[in-house]
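One structure is given below, encoded as structure tokens.
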Amino acid sequence: MKVAISYPPIVNARGQKAMVSQNRNVQFFKTPTYLLPVVHAQAATWLKQLRFEVIWDDGNAQLKSYEQWFNDLVKAKPDVIIFESTTPVMKFYWRTTDALKKILPNTIFIMTGYHSMRRPEETLELSQTDIVLRSNHVDFVLAKLIPFIANNPDWRITCNLEGLAIREGASKIRSTGHFRQVEPLERSPMVDRDLVQWKNYAFENGNYLQTPGTYATSVIRDCMFGKCTFCRYNGPDLTFSVLPVEKSLDEYERLINEHGVKEIFDDSGVWYRGKEAREFAQGIIKRGLHKKGCYFGFNTRFEYLDKETIELLAKANFRFVLIGLEAADEETLTRLNKGYQLQHVERSLKWMSDAGLHPHLTIMVGYYWQTSEQLKKTVDLVKSLMFRGLARTLQVTLCTPLDYTPYHQECIQNKVLQTDNYDDFDMSKLIVKTPIPHAEYYQAVREMYGIAFHPRFLLRQLRFLLTFKRRDWQFLFTYGIRAIRRVRNHMFNLTRGEGLAIPDPEAPTPL
Amino acid sequence: MRRGLHKVIGIDLLTDHTFSLRLERKDVTFLAGQCFNIGLPDTAVNREYSSYSSVFDDELQFLVREIEGGQVSPKLKLLKPGDSVEVDGAYGLFTIDPALVPGHSFYFIGTGTGIAPFHCFVKSFRGLDYKIIHGTRYANEAYNRLDYSKGRYINCATRDKTADFNGRVTEYLLANPPPQSAIYYLCGNRNMINDVYDILRELDISSSQIITEVFF
């Protein structure tokens with residue numbers, strides 16, 4: 001049986017490509033960012049180990065045009081095609097599924113992703129998709145589902161694996177119940193780097209200070225906190241699963257020694273903390289991996305890592321730490337369930353920057369309650385942290401309700417959504433009613449990204465670079481240039497929506 | 001959801017490494033089963049703990065296991081009445097829909113301090129039809145077992161023959177298959193959750209009747 005795990009290139013009317021961005025949200029960018037979809041890569045690896053013929057079909061990372069991707073897939077005639085989608089590209093995936101189904105009527109189409117898992121009926125009703133996975137454990141489910149389909153021609157009626165919505169007949173949809181929330185991650189294989197052509201993802205990724213970089217097999221799925229209302233890793237159906245420290249260390253060792261990787265980023269919603277974080281850092285040092293010129297990075301939360309652990313991580317050659325600030329007023333943090341106190345932000349960042357880590361802040365603007373005063377507080381704090389060298393880089397996004405997260409549902413309930421066209425949910429413009437004009441949020445975005453060009457910040461960066469070893473000057477030329485390009489890209493994307501009415505007349509029309 | 005400083009009312013040592021932290025409640029509201037972030041003032045580090053006390057109690061109570069080398073729990077253990085801790089919360093969706101309480105029986109299966117949300121459930125929902133299966137190493141870790149009605153709490157201790165059952169919760173479940181109709185809440189160690197889940201599914205219990213929450 002031939003199975004394709006497919007990511008079509010999605011290009012909008014402006015010629016921008018849909019790229020997976022923060023939190024695996026989709027944003028349209030001109031300059032590329034290729035993020036390895038780790039769980040799907042594990043699924044591909046597992047299916048290959050089960051002796052299925054697997055096509056790793058990432059049209060984006062493989063630099064294909066849509067037509068080329070489509071024609072290649074049709075030519076390959078897979079028995080099963082697996083897609084991963086999210087709110088802003090749902091309609092695209094439905095159209096693509098239907099177009100492919102016309103040509104490949106016997107192929108089974110499986111939809112995965114956090115939008116369809118929360119609204120499985122919608123995808124089955126609005127497209128010719130055959131199965132929707134309601135589970136975030138795509139690898140575990142596919143490792144059972146594909147062999148079942150291969151061995152049971154009547155699978156539509158007989159398959160009872162938990163967490164599926166199956167099209168039984170023309171108008172009959174069957175649910176197999178709740179999915180399994182916790183899985184033993186150590187049973188899922190580490191990503192087969194050759195199968196997924198890892199080098200396609202090794203260079204164009206803003207999270208890498210050095211290249212070639214790669215994503216580690218995530219140690220936490222999805223997030224051990226899992227309470228932030230805007231995040232897709234939050235819901236009554238989700239908890240978290242953990243990969244043992246030693247197994248992850250083994251992978252790091254292989255990536256460095258066998259693939260020559262210079263940067264490893266773990267994109268778990270939140271990486272290890274406490275005892276596991278220290279064990280991991282000690283393991284890196286014990287294996288001598290901190291002396292191989294490879295940097296390590298991860299996502300974390302404020303108030304998760306203490307000074308001692310941070311210093312140990314720095315010693316183990318950790319550098320890039322992505323941390324969600326989101327906003328700088330108590331009301332917003334409370335409404336978002338962020339679970340940290342503003343008074344501790346500076347201290348946490350100081351521990352990191354003093355130890356030589358590279359804190360990267362993520363910030364959002366445009367919450368449906370956000371006032372001018374709250375917005376100003378965020379801009380002022382961000383400026384202060386950046387100018388004082390407590391954070392090195394930042395990323396600002398427009399808070400966009402997605403994937404039926406608690407924030408999304410809150411927006412629907414409070415009737416603040418200005419559109420229900422999923423194409424408009426691409427984070428390029430605000431789509432919620434706000435107490436102040438949208439232009440003020442776009443201006444705030446410009447102001448925060450503008451920090452990157454401020455002489456005071458540039459001087460601070462230069463001083464920071466002077467503390468580096470000689471080889472780290474490559475950072476100035478590679479990461480620095482990439483960073484400026486990305487800042488320009490982000491500024492263009494996030495502020496071009498200014499003044500646009502909803503619905504956007506230039507909404508993506510990829511097919 | 002709120003955040004702020006709460007005074008310590010007391011620390012009750014339950015075993016050498018587990019204690020109950022009692023805090024003033026102030027105006028905190030929460031749903032049974034939810035958790036809070038707790039940290040010492042000005043340390044900039046916090047950890048999540050599920051409420052052990054009920055939604056009706058005047059105090060907030062948390063069941064804490066002291067982690068060797070941990071950054072929060074050993075310091076919490078040293079607190080004295082009148083000291084303060086930072087509390088954020090409540091959060092989480094490991095809760096019971098009150099509409100399901102009449103007419104359903106609930107099985108609460110947990111290990112160690114993973115029993116905390118179950119204690120909160122039992123104390124918060126009057127008339128709850130429940131059974132707790134609690135895995136520990138020793139029988140003295142059957143914290144506050146007298147808080148549960150007679151016959152509703154089973155302590156499964158792996159290293160103690162004086163417990164209700166000498167063995168793992170999984171062994172207890174295999175020897176005493178639970179009913180298909182109950183709603184199952186699993187909380188605690190991830191290995192236990194995985195093993196119990198497999199047993200329940202083998203018994204043809206629907207996955208929709210199994211709700212889980214992992215504790216580190």
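Identifiers for the structure tokens are assigned positionally: chains receive A, B, ... in sequence, residues are indexed from 1 per chain, and ligands are indexed from 1 in the order shown.
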
Residues of chain B within 10 Å of chain A, counting only C-alpha atoms - could you list those as a VMD selection string?
chain B and resid 1 to 4 36 to 39 41 to 48 67 to 72 86 to 95 190 to 191 193 to 195 197 to 198 201 206 to 216

Serialized selection, N, CA and C atoms, as a short mmCIF file (atom, residue, chain, number, x, y, z; two decimals), in the first residue's frame:
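See again_33.cif below for the written result:
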```
data_model
loop_
_atom_site.label_atom_id
_atom_site.label_comp_id
_atom_site.auth_asym_id
_atom_site.auth_seq_id
_atom_site.Cartn_x
_atom_site.Cartn_y
_atom_site.Cartn_z
N MET B 1 -10.34 33.68 36.94
CA MET B 1 -8.90 33.49 37.17
C MET B 1 -8.34 34.72 37.85
N ARG B 2 -7.55 34.50 38.90
CA ARG B 2 -6.95 35.63 39.58
C ARG B 2 -5.54 35.26 40.01
N ARG B 3 -4.82 36.25 40.44
CA ARG B 3 -3.47 36.00 40.89
C ARG B 3 -3.19 36.86 42.11
N GLY B 4 -2.34 36.38 43.00
CA GLY B 4 -2.03 37.19 44.16
C GLY B 4 -1.31 36.42 45.24
N PHE B 36 -3.83 25.22 40.11
CA PHE B 36 -3.29 26.57 40.34
C PHE B 36 -1.78 26.53 40.13
N ASN B 37 -1.22 27.68 39.77
CA ASN B 37 0.24 27.80 39.75
C ASN B 37 0.65 28.36 41.10
N ILE B 38 1.60 27.70 41.74
CA ILE B 38 2.03 28.15 43.05
C ILE B 38 3.54 28.35 43.05
N GLY B 39 3.97 29.49 43.60
CA GLY B 39 5.40 29.76 43.70
C GLY B 39 5.69 30.58 44.94
N PRO B 41 7.16 33.81 46.84
CA PRO B 41 7.26 35.21 46.39
C PRO B 41 8.67 35.54 45.91
N ASP B 42 8.72 36.27 44.81
CA ASP B 42 9.98 36.80 44.27
C ASP B 42 10.99 35.74 43.85
N THR B 43 10.53 34.53 43.58
CA THR B 43 11.49 33.52 43.11
C THR B 43 11.38 33.35 41.60
N ALA B 44 10.30 33.81 41.01
CA ALA B 44 10.09 33.74 39.55
C ALA B 44 10.04 32.30 39.04
N VAL B 45 9.63 31.39 39.89
CA VAL B 45 9.44 30.00 39.45
C VAL B 45 8.14 29.49 40.09
N ASN B 46 7.30 28.86 39.31
CA ASN B 46 6.09 28.28 39.89
C ASN B 46 5.84 26.88 39.33
N ARG B 47 4.93 26.17 39.96
CA ARG B 47 4.55 24.84 39.50
C ARG B 47 3.04 24.67 39.66
N GLU B 48 2.46 23.75 38.87
CA GLU B 48 1.02 23.55 38.91
C GLU B 48 0.65 22.51 39.98
N ILE B 67 9.91 17.01 45.73
CA ILE B 67 10.79 16.46 44.70
C ILE B 67 12.23 16.73 45.11
N GLU B 68 13.03 15.69 45.17
CA GLU B 68 14.43 15.85 45.56
C GLU B 68 15.14 16.74 44.54
N GLY B 69 15.74 17.81 45.01
CA GLY B 69 16.43 18.73 44.10
C GLY B 69 15.48 19.67 43.38
N GLY B 70 14.19 19.58 43.69
CA GLY B 70 13.20 20.43 43.03
C GLY B 70 13.37 21.89 43.44
N GLN B 71 12.84 22.79 42.63
CA GLN B 71 12.99 24.21 42.89
C GLN B 71 11.84 24.80 43.68
N VAL B 72 10.73 24.12 43.76
CA VAL B 72 9.56 24.68 44.43
C VAL B 72 9.15 23.84 45.64
N GLU B 86 2.72 32.86 46.14
CA GLU B 86 2.02 33.42 44.99
C GLU B 86 1.12 32.34 44.40
N VAL B 87 -0.12 32.73 44.15
CA VAL B 87 -1.09 31.78 43.59
C VAL B 87 -1.71 32.38 42.33
N ASP B 88 -1.67 31.60 41.27
CA ASP B 88 -2.31 31.98 40.00
C ASP B 88 -3.34 30.93 39.66
N GLY B 89 -4.50 31.34 39.27
CA GLY B 89 -5.44 30.31 38.82
C GLY B 89 -6.87 30.68 39.15
N ALA B 90 -7.77 29.81 38.91
CA ALA B 90 -7.57 28.40 38.57
C ALA B 90 -7.60 28.17 37.06
N TYR B 91 -7.01 27.06 36.64
CA TYR B 91 -6.96 26.68 35.25
C TYR B 91 -7.41 25.24 35.07
N GLY B 92 -7.67 24.91 33.83
CA GLY B 92 -7.78 23.50 33.48
C GLY B 92 -9.19 23.00 33.26
N LEU B 93 -9.25 21.90 32.55
CA LEU B 93 -10.54 21.35 32.13
C LEU B 93 -10.69 19.90 32.57
N PHE B 94 -9.89 19.49 33.54
CA PHE B 94 -10.03 18.14 34.10
C PHE B 94 -11.13 18.23 35.16
N THR B 95 -12.34 18.42 34.69
CA THR B 95 -13.46 18.70 35.58
C THR B 95 -14.62 17.75 35.27
N ARG B 190 2.33 8.84 33.89
CA ARG B 190 1.91 8.55 32.52
C ARG B 190 1.92 7.07 32.18
N ASN B 191 2.86 6.33 32.81
CA ASN B 191 2.90 4.89 32.53
C ASN B 191 1.66 4.20 33.07
N ILE B 193 -1.21 5.65 33.48
CA ILE B 193 -2.33 6.06 32.62
C ILE B 193 -2.38 5.20 31.36
N ASN B 194 -1.24 4.99 30.75
CA ASN B 194 -1.21 4.17 29.53
C ASN B 194 -1.66 2.74 29.80
N ASP B 195 -1.15 2.17 30.89
CA ASP B 195 -1.50 0.78 31.19
C ASP B 195 -2.98 0.64 31.55
N TYR B 197 -5.39 2.63 30.68
CA TYR B 197 -6.18 2.88 29.47
C TYR B 197 -6.32 1.60 28.64
N ASP B 198 -5.21 0.90 28.48
CA ASP B 198 -5.25 -0.36 27.70
C ASP B 198 -6.20 -1.36 28.34
N ARG B 201 -9.84 -0.31 27.76
CA ARG B 201 -10.26 -0.52 26.36
C ARG B 201 -10.44 -2.00 26.05
N SER B 206 -15.79 2.41 26.32
CA SER B 206 -15.62 3.39 25.24
C SER B 206 -14.57 4.43 25.60
N SER B 207 -13.80 4.81 24.60
CA SER B 207 -12.78 5.84 24.82
C SER B 207 -13.41 7.16 25.25
N SER B 208 -14.67 7.37 24.91
CA SER B 208 -15.35 8.61 25.30
C SER B 208 -15.64 8.66 26.79
N GLN B 209 -15.50 7.51 27.46
CA GLN B 209 -15.75 7.47 28.91
C GLN B 209 -14.45 7.56 29.71
N ILE B 210 -13.34 7.84 29.03
CA ILE B 210 -12.05 7.88 29.74
C ILE B 210 -11.44 9.27 29.60
N ILE B 211 -11.21 9.91 30.73
CA ILE B 211 -10.63 11.26 30.73
C ILE B 211 -9.33 11.19 31.52
N THR B 212 -8.28 11.80 30.98
CA THR B 212 -6.98 11.64 31.62
C THR B 212 -6.27 12.97 31.86
N GLU B 213 -5.44 12.97 32.88
CA GLU B 213 -4.59 14.14 33.16
C GLU B 213 -3.26 13.61 33.67
N VAL B 214 -2.19 14.05 33.01
CA VAL B 214 -0.87 13.57 33.41
C VAL B 214 -0.30 14.46 34.51
N PHE B 215 0.28 13.84 35.51
CA PHE B 215 1.06 14.57 36.53
C PHE B 215 2.51 14.20 36.32
N PHE B 216 3.39 15.14 36.50
CA PHE B 216 4.81 14.80 36.42
C PHE B 216 5.20 13.96 37.63
#
```

Name the residues of segment 170-412 of chain A that fall into strand (DSSP E or B) according to DSSP on the backbone, using the chain letters and numbers of this document, as an NGL selection string.
:A and (173-175 or 213-215 or 220-221 or 241-242 or 263-266 or 295-300 or 318-326 or 358-365 or 393-398)

Spatial neighbours of segment 427-434 of chain A, 7 Å, only C-alpha atoms, chain gap at least 4 places, as a PyMOL selection string
chain A and resi 27+366+368-370+398+400+416-419+438+493-494+497

Could the residues in this selection be written to a file with C-alpha atoms, as a compact mmCIF listing (two decimals), in the first residue's frame?
```txt
# COMPACT_ATOMS: atom_id res chain seq x y z
CA GLN A 27 0.96 32.74 7.57
CA GLY A 366 -5.28 42.96 18.77
CA TYR A 368 -10.76 41.94 21.24
CA TRP A 369 -10.63 43.74 24.59
CA GLN A 370 -7.25 45.45 24.17
CA LEU A 398 -1.99 39.68 15.33
CA THR A 400 -6.18 35.57 15.44
CA VAL A 416 -16.76 39.93 18.03
CA LEU A 417 -15.69 38.00 14.93
CA GLN A 418 -15.96 40.17 11.84
CA THR A 419 -15.88 37.29 9.41
CA HIS A 438 -7.23 48.43 14.08
CA ASN A 493 2.57 41.18 6.11
CA LEU A 494 1.23 42.46 9.37
CA GLY A 497 -3.95 44.64 6.14
```

Using backbone DSSP assignments, extract all alpha helix (DSSP H) residues from segment 6-208 of chain A; output them as an MDAnalysis selection string.
chainID A and resid 38:49 66:76 90:103 114:118 120:126 138:151 155:158
